[in-house]
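Asker: Input file: start_3.txt. Contents: compact mmCIF, C-alpha atoms.
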```txt
# COMPACT_ATOMS: atom_id res chain seq x y z
CA MET C 266 -106.55 -21.02 -10.30
CA SER C 267 -103.44 -21.65 -12.28
CA ASP C 268 -101.43 -19.83 -9.59
CA GLU C 269 -102.93 -22.12 -6.97
CA LYS C 270 -101.88 -25.13 -8.97
CA LYS C 271 -98.38 -23.71 -9.41
CA VAL C 272 -98.04 -23.13 -5.66
CA ARG C 273 -99.28 -26.62 -4.91
CA ASP C 274 -96.91 -28.12 -7.38
CA CYS C 275 -93.98 -26.14 -6.01
CA GLU C 276 -94.89 -27.09 -2.47
CA SER C 277 -95.07 -30.72 -3.44
CA VAL C 278 -91.66 -30.51 -5.07
CA VAL C 279 -90.03 -28.66 -2.21
CA ARG C 280 -91.53 -31.12 0.26
CA GLU C 281 -89.63 -33.92 -1.40
CA LEU C 282 -86.59 -31.96 -2.47
CA TRP C 283 -84.13 -33.42 0.04
CA ASP C 284 -85.35 -36.94 -0.73
CA PHE C 285 -84.85 -36.14 -4.40
CA LEU C 286 -81.33 -34.78 -3.90
CA ASP C 287 -80.46 -37.76 -1.70
CA ALA C 288 -81.72 -40.20 -4.36
CA GLU C 289 -84.27 -41.60 -1.94
CA LEU C 290 -87.25 -41.42 -4.33
CA ASP C 291 -88.49 -44.02 -6.76
CA ASP C 292 -87.71 -43.37 -10.42
CA ALA C 293 -91.20 -42.17 -11.36
CA THR C 294 -91.40 -39.61 -8.55
CA ALA C 295 -87.86 -38.45 -9.21
CA ALA C 296 -88.71 -37.94 -12.88
CA GLU C 297 -91.76 -35.83 -11.95
CA ILE C 298 -89.65 -33.62 -9.73
CA ASP C 299 -86.92 -33.40 -12.31
CA ALA C 300 -89.45 -32.25 -14.89
CA HIS C 301 -90.78 -29.59 -12.52
CA LEU C 302 -87.27 -28.33 -11.78
CA GLU C 303 -86.63 -28.01 -15.50
CA ALA C 304 -89.66 -25.79 -15.86
CA CYS C 305 -89.65 -23.79 -12.60
CA ARG C 306 -86.82 -21.32 -12.15
CA HIS C 307 -87.67 -20.67 -8.50
CA CYS C 308 -87.53 -24.33 -7.51
CA ARG C 309 -84.46 -24.87 -9.67
CA SER C 310 -82.65 -22.11 -7.80
CA HIS C 311 -83.77 -23.60 -4.50
CA ALA C 312 -82.62 -27.07 -5.54
CA ASP C 313 -79.25 -25.80 -6.81
CA PHE C 314 -78.59 -24.10 -3.49
CA GLU C 315 -79.45 -27.21 -1.48
CA GLN C 316 -77.43 -29.44 -3.79
CA ARG C 317 -74.43 -27.20 -3.32
CA LEU C 318 -74.78 -27.53 0.45
CA VAL C 319 -74.86 -31.32 0.15
CA ASP C 320 -71.84 -31.27 -2.16
CA GLU C 321 -69.89 -29.08 0.24
CA LEU C 322 -70.81 -31.32 3.18
CA ALA C 323 -69.42 -34.29 1.29
CA GLY C 324 -66.17 -32.31 1.16
CA LEU C 325 -65.86 -32.75 4.91
CA ARG C 326 -65.30 -36.45 4.29
CA ARG C 327 -61.62 -36.55 5.10
CA GLY C 328 -59.36 -38.13 7.63
CA HIS C 329 -58.36 -36.34 10.81
CA THR C 330 -55.65 -38.72 11.95
CA ASP C 331 -52.77 -40.81 10.59
CA PRO C 332 -54.58 -43.94 9.41
CA GLU C 333 -51.47 -46.12 9.30
CA ALA C 334 -50.44 -45.22 12.84
CA LEU C 335 -53.99 -45.84 14.06
CA ARG C 336 -54.17 -49.14 12.18
CA GLU C 337 -50.95 -50.32 13.86
CA ARG C 338 -52.21 -49.19 17.25
CA VAL C 339 -55.46 -51.09 16.77
CA ARG C 340 -53.65 -54.16 15.47
CA ALA C 341 -51.40 -54.16 18.55
CA ALA C 342 -54.42 -53.81 20.83
CA LEU C 343 -56.13 -56.73 19.11
CA ARG C 344 -53.09 -58.96 19.54
CA GLU C 345 -52.82 -57.97 23.17
CA ALA C 346 -56.49 -58.83 23.66
CA LYS C 347 -55.96 -62.18 22.00
CA ALA C 348 -52.92 -62.91 24.13
CA GLU C 349 -54.97 -62.24 27.25
CA SER C 350 -57.73 -64.59 26.14
CA MET R 1361 -77.35 -55.08 21.40
CA LEU R 1362 -74.20 -55.46 19.48
CA ASP R 1363 -71.80 -53.91 21.91
CA THR R 1364 -73.30 -55.53 24.96
CA VAL R 1365 -72.32 -58.98 23.79
CA GLY R 1366 -70.30 -60.66 26.50
CA PRO R 1367 -66.57 -61.25 26.50
CA TYR R 1368 -65.18 -63.37 23.74
CA TYR R 1369 -64.42 -66.27 26.02
CA LEU R 1370 -68.16 -66.88 26.23
CA PHE R 1371 -68.01 -67.86 22.60
CA GLY R 1372 -64.92 -70.01 22.84
CA MET R 1373 -61.31 -69.21 22.15
CA ILE R 1374 -60.60 -66.99 19.22
CA ASP R 1375 -57.73 -68.54 17.33
CA ASP R 1376 -55.15 -67.01 15.00
CA ALA R 1377 -57.30 -67.73 11.97
CA ASP R 1378 -60.25 -65.88 13.53
CA LEU R 1379 -58.08 -62.89 14.30
CA LYS R 1380 -56.70 -62.85 10.77
CA ARG R 1381 -60.20 -63.10 9.28
CA PHE R 1382 -61.37 -60.27 11.52
CA GLU R 1383 -58.41 -58.10 10.57
CA ASP R 1384 -58.82 -58.85 6.87
CA VAL R 1385 -62.47 -57.84 6.93
CA ALA R 1386 -62.55 -55.05 9.49
CA LEU R 1387 -59.24 -53.20 9.29
CA PRO R 1388 -59.70 -51.97 5.70
CA LEU R 1389 -62.74 -50.10 7.03
CA LEU R 1390 -60.70 -48.30 9.69
CA PRO R 1391 -60.59 -44.98 7.78
CA ASP R 1392 -64.40 -45.03 7.58
CA VAL R 1393 -64.78 -45.83 11.27
CA SER R 1394 -62.16 -43.19 12.10
CA ARG R 1395 -64.07 -40.49 10.18
CA PHE R 1396 -67.31 -41.43 11.87
CA ALA R 1397 -65.62 -41.44 15.27
CA PHE R 1398 -64.25 -37.96 14.64
CA SER R 1399 -67.69 -36.74 13.60
CA LEU R 1400 -69.02 -37.96 16.93
CA THR R 1401 -66.22 -36.74 19.20
CA ARG R 1402 -64.91 -33.75 17.18
CA ASP R 1403 -61.56 -34.47 18.84
CA THR R 1404 -58.72 -36.38 17.19
CA ASP R 1405 -57.36 -38.10 20.31
CA GLU R 1406 -60.80 -39.11 21.53
CA ALA R 1407 -61.69 -40.34 18.07
CA ASP R 1408 -58.59 -42.56 18.00
CA ASP R 1409 -59.49 -43.97 21.44
CA LEU R 1410 -63.05 -44.55 20.26
CA VAL R 1411 -61.84 -46.38 17.16
CA GLN R 1412 -59.60 -48.66 19.23
CA GLU R 1413 -62.40 -49.48 21.65
CA THR R 1414 -64.78 -50.07 18.74
CA TYR R 1415 -62.40 -52.58 17.17
CA LEU R 1416 -61.77 -54.38 20.44
CA LYS R 1417 -65.51 -54.76 21.02
CA ALA R 1418 -66.06 -55.87 17.45
CA TYR R 1419 -63.26 -58.41 17.74
CA ARG R 1420 -64.72 -59.81 20.93
CA ALA R 1421 -68.14 -60.09 19.29
CA TRP R 1422 -66.74 -61.36 16.00
CA ARG R 1423 -68.26 -64.81 16.34
CA THR R 1424 -71.70 -63.23 16.68
CA PHE R 1425 -71.32 -61.37 13.42
CA THR R 1426 -73.49 -62.80 10.65
CA PRO R 1427 -71.44 -63.39 7.50
CA GLY R 1428 -72.85 -61.63 4.49
CA THR R 1429 -74.25 -58.71 6.47
CA ASN R 1430 -72.75 -55.25 6.28
CA VAL R 1431 -69.52 -55.07 8.28
CA ARG R 1432 -69.25 -51.32 7.90
CA SER R 1433 -72.72 -50.75 9.34
CA TRP R 1434 -71.95 -53.22 12.13
CA LEU R 1435 -68.77 -51.32 13.04
CA PHE R 1436 -70.60 -47.97 12.86
CA THR R 1437 -73.27 -49.30 15.23
CA ILE R 1438 -70.67 -50.46 17.74
CA CYS R 1439 -68.86 -47.13 17.40
CA LYS R 1440 -72.07 -45.16 17.99
CA ASN R 1441 -73.05 -47.25 21.03
CA THR R 1442 -69.56 -47.04 22.51
CA PHE R 1443 -69.51 -43.30 22.06
CA ARG R 1444 -72.86 -42.89 23.73
CA ARG R 1445 -71.83 -44.93 26.74
CA ARG R 1446 -68.24 -43.93 27.23
CA PHE R 1447 -67.40 -40.76 25.39
CA ARG R 1448 -70.50 -38.62 25.38
CA ARG R 1449 -69.85 -35.33 27.10
CA GLU R 1450 -73.08 -33.54 26.60
CA LYS R 1451 -76.31 -34.59 28.19
CA LEU R 1452 -79.13 -34.70 25.73
CA ARG R 1453 -81.00 -31.47 26.10
CA PRO R 1454 -84.73 -32.02 26.35
CA ASP R 1455 -85.46 -29.35 23.74
CA ILE R 1456 -83.03 -30.86 21.26
CA GLU R 1457 -84.26 -34.35 22.01
CA LYS R 1458 -87.83 -33.25 21.48
CA GLU R 1459 -86.93 -31.46 18.28
CA ALA R 1460 -84.79 -34.32 17.01
CA VAL R 1461 -86.82 -37.34 17.84
CA GLY R 1462 -90.14 -36.19 16.45
CA ASP R 1463 -91.23 -37.58 13.15
CA GLU R 1464 -93.45 -34.64 12.49
CA ASP R 1465 -94.00 -33.09 9.13
CA ALA R 1466 -90.84 -31.35 8.08
CA MET R 1467 -92.66 -29.12 5.61
CA PRO R 1468 -92.47 -25.89 7.62
CA ILE R 1469 -88.73 -26.38 7.84
CA VAL R 1470 -88.33 -27.09 4.19
CA MET R 1471 -90.48 -24.14 3.19
CA SER R 1472 -88.63 -21.83 5.55
CA HIS R 1473 -85.37 -22.41 3.74
CA VAL R 1474 -83.94 -19.22 2.46
CA ASN R 1475 -84.50 -18.22 -1.07
CA ALA R 1476 -80.83 -17.87 -1.74
CA GLU R 1477 -81.29 -15.94 -4.92
CA GLN R 1478 -83.53 -13.32 -3.34
CA LEU R 1479 -81.15 -12.88 -0.46
CA GLY R 1480 -78.21 -12.37 -2.76
CA LEU R 1481 -76.64 -15.62 -1.62
CA GLY R 1482 -76.72 -17.41 -4.93
CA ASP R 1483 -72.95 -17.37 -5.05
CA LEU R 1484 -72.47 -17.82 -1.31
CA PHE R 1485 -70.53 -21.02 -1.80
CA ASP R 1486 -68.11 -19.33 -4.16
CA ARG R 1487 -67.47 -16.36 -1.91
CA LEU R 1488 -67.23 -18.06 1.47
CA ASP R 1489 -64.47 -20.38 2.67
CA VAL R 1490 -67.09 -23.07 3.03
CA VAL R 1491 -65.23 -26.10 4.43
CA PRO R 1492 -63.88 -24.38 7.56
CA ALA R 1493 -67.26 -22.71 8.04
CA LEU R 1494 -69.04 -26.05 7.81
CA GLU R 1495 -66.51 -27.65 10.19
CA ARG R 1496 -67.40 -24.97 12.74
CA GLY R 1497 -71.04 -25.62 12.02
CA MET R 1498 -70.51 -29.32 12.70
CA ASP R 1499 -68.78 -28.45 16.00
CA ASP R 1500 -71.89 -26.55 17.05
CA LEU R 1501 -74.43 -29.19 16.02
CA PRO R 1502 -76.03 -31.30 18.74
CA GLU R 1503 -74.78 -34.87 18.62
CA LEU R 1504 -78.09 -36.28 17.46
CA PHE R 1505 -77.91 -34.07 14.39
CA ARG R 1506 -74.18 -34.50 13.83
CA GLU R 1507 -74.36 -38.29 13.67
CA ILE R 1508 -77.03 -38.10 10.97
CA VAL R 1509 -74.99 -35.68 8.85
CA ALA R 1510 -71.93 -37.89 9.33
CA LEU R 1511 -73.71 -41.02 8.12
CA VAL R 1512 -75.74 -39.56 5.24
CA ASP R 1513 -73.74 -36.59 4.00
CA LEU R 1514 -70.18 -37.69 4.75
CA GLU R 1515 -70.42 -41.47 4.48
CA GLY R 1516 -73.09 -41.52 1.78
CA LEU R 1517 -75.41 -43.97 3.51
CA SER R 1518 -79.08 -44.20 2.62
CA TYR R 1519 -81.76 -43.07 5.07
CA HIS R 1520 -82.55 -46.75 5.65
CA GLU R 1521 -78.94 -47.66 6.44
CA ALA R 1522 -78.59 -44.69 8.79
CA ALA R 1523 -81.85 -45.66 10.49
CA GLU R 1524 -80.55 -49.18 11.14
CA ILE R 1525 -77.27 -47.95 12.60
CA LEU R 1526 -78.93 -45.35 14.82
CA GLU R 1527 -81.82 -47.69 15.65
CA ILE R 1528 -84.47 -45.09 14.83
CA PRO R 1529 -87.26 -44.96 12.20
CA VAL R 1530 -86.48 -43.71 8.72
CA GLY R 1531 -88.90 -40.83 9.27
CA THR R 1532 -86.81 -39.69 12.22
CA VAL R 1533 -83.66 -39.84 10.10
CA ARG R 1534 -85.38 -37.63 7.54
CA SER R 1535 -86.61 -35.18 10.17
CA ARG R 1536 -83.26 -34.89 11.94
CA LEU R 1537 -81.39 -34.55 8.68
CA PHE R 1538 -83.63 -31.69 7.56
CA ARG R 1539 -83.06 -29.90 10.82
CA ALA R 1540 -79.33 -30.52 10.83
CA ARG R 1541 -78.92 -29.20 7.31
CA ARG R 1542 -81.04 -26.17 8.09
CA ARG R 1543 -78.80 -25.39 11.06
CA LEU R 1544 -75.70 -25.74 8.91
CA GLN R 1545 -77.25 -23.56 6.25
CA ASP R 1546 -78.16 -20.94 8.83
CA HIS R 1547 -74.60 -21.14 10.16
CA LEU R 1548 -73.20 -20.42 6.70
CA ILE R 1549 -75.52 -17.48 6.22
CA GLU R 1550 -74.51 -16.10 9.59
CA GLN R 1551 -70.86 -16.45 8.66
CA ALA R 1552 -71.52 -14.68 5.38
CA ARG R 1553 -73.29 -11.87 7.16
CA ASP R 1554 -70.43 -11.51 9.66
CA MET R 1555 -68.03 -11.21 6.77
CA GLY R 1556 -70.18 -8.64 5.02
CA LEU R 1557 -70.90 -11.02 2.18
CA ALA R 1558 -74.64 -10.86 2.62
CA SER R 1559 -76.92 -8.09 3.69
CA LEU R 1560 -79.81 -9.92 5.25
CA ASN R 1561 -82.43 -7.62 6.58
CA GLY R 1562 -85.03 -10.16 7.43
CA GLY R 1563 -86.45 -10.62 3.98
CA GLY R 1564 -85.71 -11.12 0.40
CA SER R 1565 -87.64 -8.39 -1.23
```
Please, can you express the file's structure as structure tokens?
Answerer:
Amino acid sequence: MSDEKKVRDCESVVRELWDFLDAELDDATAAEIDAHLEACRHCRSHADFEQRLVDELAGLRRGHTDPEALRERVRAALREAKAES
Amino acid sequence: MLDTVGPYYLFGMIDDADLKRFEDVALPLLPDVSRFAFSLTRDTDEADDLVQETYLKAYRAWRTFTPGTNVRSWLFTICKNTFRRRFRREKLRPDIEKEAVGDEDAMPIVMSHVNAEQLGLGDLFDRLDVVPALERGMDDLPELFREIVALVDLEGLSYHEAAEILEIPVGTVRSRLFRARRRLQDHLIEQARDMGLASLNGGGS
């Protein structure tokens, strides 16, 4: 019985894990999940792995062009559009 | 629709002050729009063209913009719509569309995530050159998944904000995001296996 409860609790936590990591849950639900992660090594490991993926994805947030050159290009295009109006 | 607003002359002449106000508000957000454009096109030159077209459309629709609303989200929406109409190379594949659009329970996906510890991948992120691997993973993602990752994971938007920009329900954002991240995760594991960093034999026991 206790195993059943543990599985259900873990399932419930894993079901909402991405929402938890993305800070999409209300405070009370987030606190429940946080408490479970503190106590459950399996879910903690799972959460750590997913968090690391999210952190690494955030590392892709970088420019791929020269922003100043693009800004000047856009500014010139805007002035040309205005002149044609 | 934002980017189907007619030419600016329908709304009267845009004077110098309008242009300056537009530039003051919109141009500081150009790096954000540029990143999003690259996420969509995955090509620097096309991204620059997309950014320019986005700004021209936004400028022409400037008088329809509601002050106090989110300029960044407005620009992202115009960028997304412009990309879909002018720059999209790939036709939406029915299987991807079906997989992406559904708001079905994502539980099987969540539960099928690898147990990294059991698979010996606990330190995967320390042993793999992750950023280039994820960039390749992004290249391979279908557009519908890539745009979600770009908005939520790279730009830090909430599910609700991403849903507004993409004009889809929040549940669909959640579903697509789960699937996109799973694909990226699988891509990393595959890379690790190719490099001999993980010995995955179909199970964790």
Asker: Using only C-alpha atoms and a cut-off of 6 Å, which residues of chain R sit close to chain C? Please list them as an mmCIF file with C-alpha atoms, in the frame of the given file.
Answerer:
```cif
data_model
loop_
_atom_site.group_PDB
_atom_site.id
_atom_site.type_symbol
_atom_site.label_atom_id
_atom_site.label_comp_id
_atom_site.auth_asym_id
_atom_site.auth_seq_id
_atom_site.Cartn_x
_atom_site.Cartn_y
_atom_site.Cartn_z
ATOM 1 C CA ARG R 1395 -64.070 -40.490 10.180
ATOM 2 C CA GLN R 1412 -59.600 -48.660 19.230
ATOM 3 C CA MET R 1467 -92.660 -29.120 5.610
ATOM 4 C CA ASP R 1513 -73.740 -36.590 4.000
ATOM 5 C CA LEU R 1514 -70.180 -37.690 4.750
#
```
Asker: Could you tell me how far atom CA of Leu1526 of chain R lies from atom CA of Gln316 of chain C, in Å and to one decimal?
Answerer: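 A separation of 24.5 Å between them.
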Asker: As an exercise, work out the distance from atom CA of Ala1510 of chain R to atom CA of Met1498 of chain R in Å and give it to one decimal place.
Answerer: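 Going from atom CA of Ala1510 of chain R over to atom CA of Met1498 of chain R, I get 9.3 Å.
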Asker: What is the distance between atom CA of Val1411 of chain R and atom CA of Ser1394 of chain R, in Å to one decimal?
Answerer: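 Interatomic distance, atom CA of Val1411 of chain R to atom CA of Ser1394 of chain R: 6.0 Å.
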Asker: Pick out the residues sitting within 10 Å of Tyr1419 of chain R, and hand them over as a PDB file with C-alpha atoms, keeping the file's coordinate frame; count all atoms listed in the file, and ignore anything fewer than 5 positions along from it in its own chain.
Answerer:
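Contents of out-v2.pdb, freshly written:
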```pdb
ATOM      1  CA  LEU C 343     -56.130 -56.730  19.110  1.00  0.00           C
ATOM      2  CA  ALA C 346     -56.490 -58.830  23.660  1.00  0.00           C
ATOM      3  CA  LYS C 347     -55.960 -62.180  22.000  1.00  0.00           C
TER       4      LYS C 347
ATOM      5  CA  PRO R1367     -66.570 -61.250  26.500  1.00  0.00           C
ATOM      6  CA  TYR R1368     -65.180 -63.370  23.740  1.00  0.00           C
ATOM      7  CA  ILE R1374     -60.600 -66.990  19.220  1.00  0.00           C
ATOM      8  CA  ASP R1378     -60.250 -65.880  13.530  1.00  0.00           C
ATOM      9  CA  LEU R1379     -58.080 -62.890  14.300  1.00  0.00           C
ATOM     10  CA  PHE R1382     -61.370 -60.270  11.520  1.00  0.00           C
ATOM     11  CA  GLU R1383     -58.410 -58.100  10.570  1.00  0.00           C
ATOM     12  CA  ALA R1386     -62.550 -55.050   9.490  1.00  0.00           C
ATOM     13  CA  GLU R1413     -62.400 -49.480  21.650  1.00  0.00           C
ATOM     14  CA  THR R1414     -64.780 -50.070  18.740  1.00  0.00           C
ATOM     15  CA  THR R1424     -71.700 -63.230  16.680  1.00  0.00           C
ATOM     16  CA  PHE R1425     -71.320 -61.370  13.420  1.00  0.00           C
TER      17      PHE R1425
END
```
Asker: Skip Arg1534 of chain R itself and residues of its chain fewer than 3 positions away, then list as a ChimeraX atom specification all residues within 9 Å of it, counting all atoms listed in the file.
Answerer: /C:283-284 /R:1463,1466,1519,1529-1531,1537-1539
Asker: In terms of the shortest atom-to-atom distance over all atoms listed in the file, which of R:Ile1525, R:Asp1376, R:Gln1551, R:Arg1542 is closest to Val1491 of chain R?
Answerer: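 Counting all atoms listed in the file, the residue closest to Val1491 of chain R is R:Gln1551.
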Asker: Could you give me, as an mmCIF file with C-alpha atoms, in the coordinates of the input, the residues within 7 Å of Arg1536 of chain R, counting all atoms listed in the file and dropping anything in the same chain fewer than 3 positions from it?
Answerer:
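Below is the file out_16.cif, written as the result:
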```cif
data_model
loop_
_atom_site.group_PDB
_atom_site.id
_atom_site.type_symbol
_atom_site.label_atom_id
_atom_site.label_comp_id
_atom_site.auth_asym_id
_atom_site.auth_seq_id
_atom_site.Cartn_x
_atom_site.Cartn_y
_atom_site.Cartn_z
ATOM 1 C CA ALA R 1460 -84.790 -34.320 17.010
ATOM 2 C CA PHE R 1505 -77.910 -34.070 14.390
ATOM 3 C CA THR R 1532 -86.810 -39.690 12.220
ATOM 4 C CA VAL R 1533 -83.660 -39.840 10.100
ATOM 5 C CA ARG R 1539 -83.060 -29.900 10.820
ATOM 6 C CA ALA R 1540 -79.330 -30.520 10.830
#
```
Asker: Mind working out the centre and edge lengths of an axis-aligned box for segment 318-325 of chain C, all listed atoms inside, 3 Å added to each side, rounded to one decimal in Å and written as lines of an AutoDock Vina configuration file?
Answerer:
```
center_x = -70.4
center_y = -30.9
center_z = 1.4
size_x = 15.0
size_y = 12.8
size_z = 13.1
```
Asker: Go through R:Arg1423, R:Lys1380, R:Arg1487, R:Arg1444 one by one, measure the shortest atom-to-atom distance of each to Gly1556 of chain R using all atoms listed in the file, and give the residue with the smallest value.
Answerer: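 Among the listed residues, R:Arg1487 lies closest to Gly1556 of chain R.
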Asker: Counting all atoms listed in the file, which residues have an atom no more than 10 Å from (-89.9, -34.8, -9.0) in the file's coordinates? Please list them as an MDAnalysis selection string.
Answerer: chainID C and resid 274 277:279 281:282 284:286 290:303
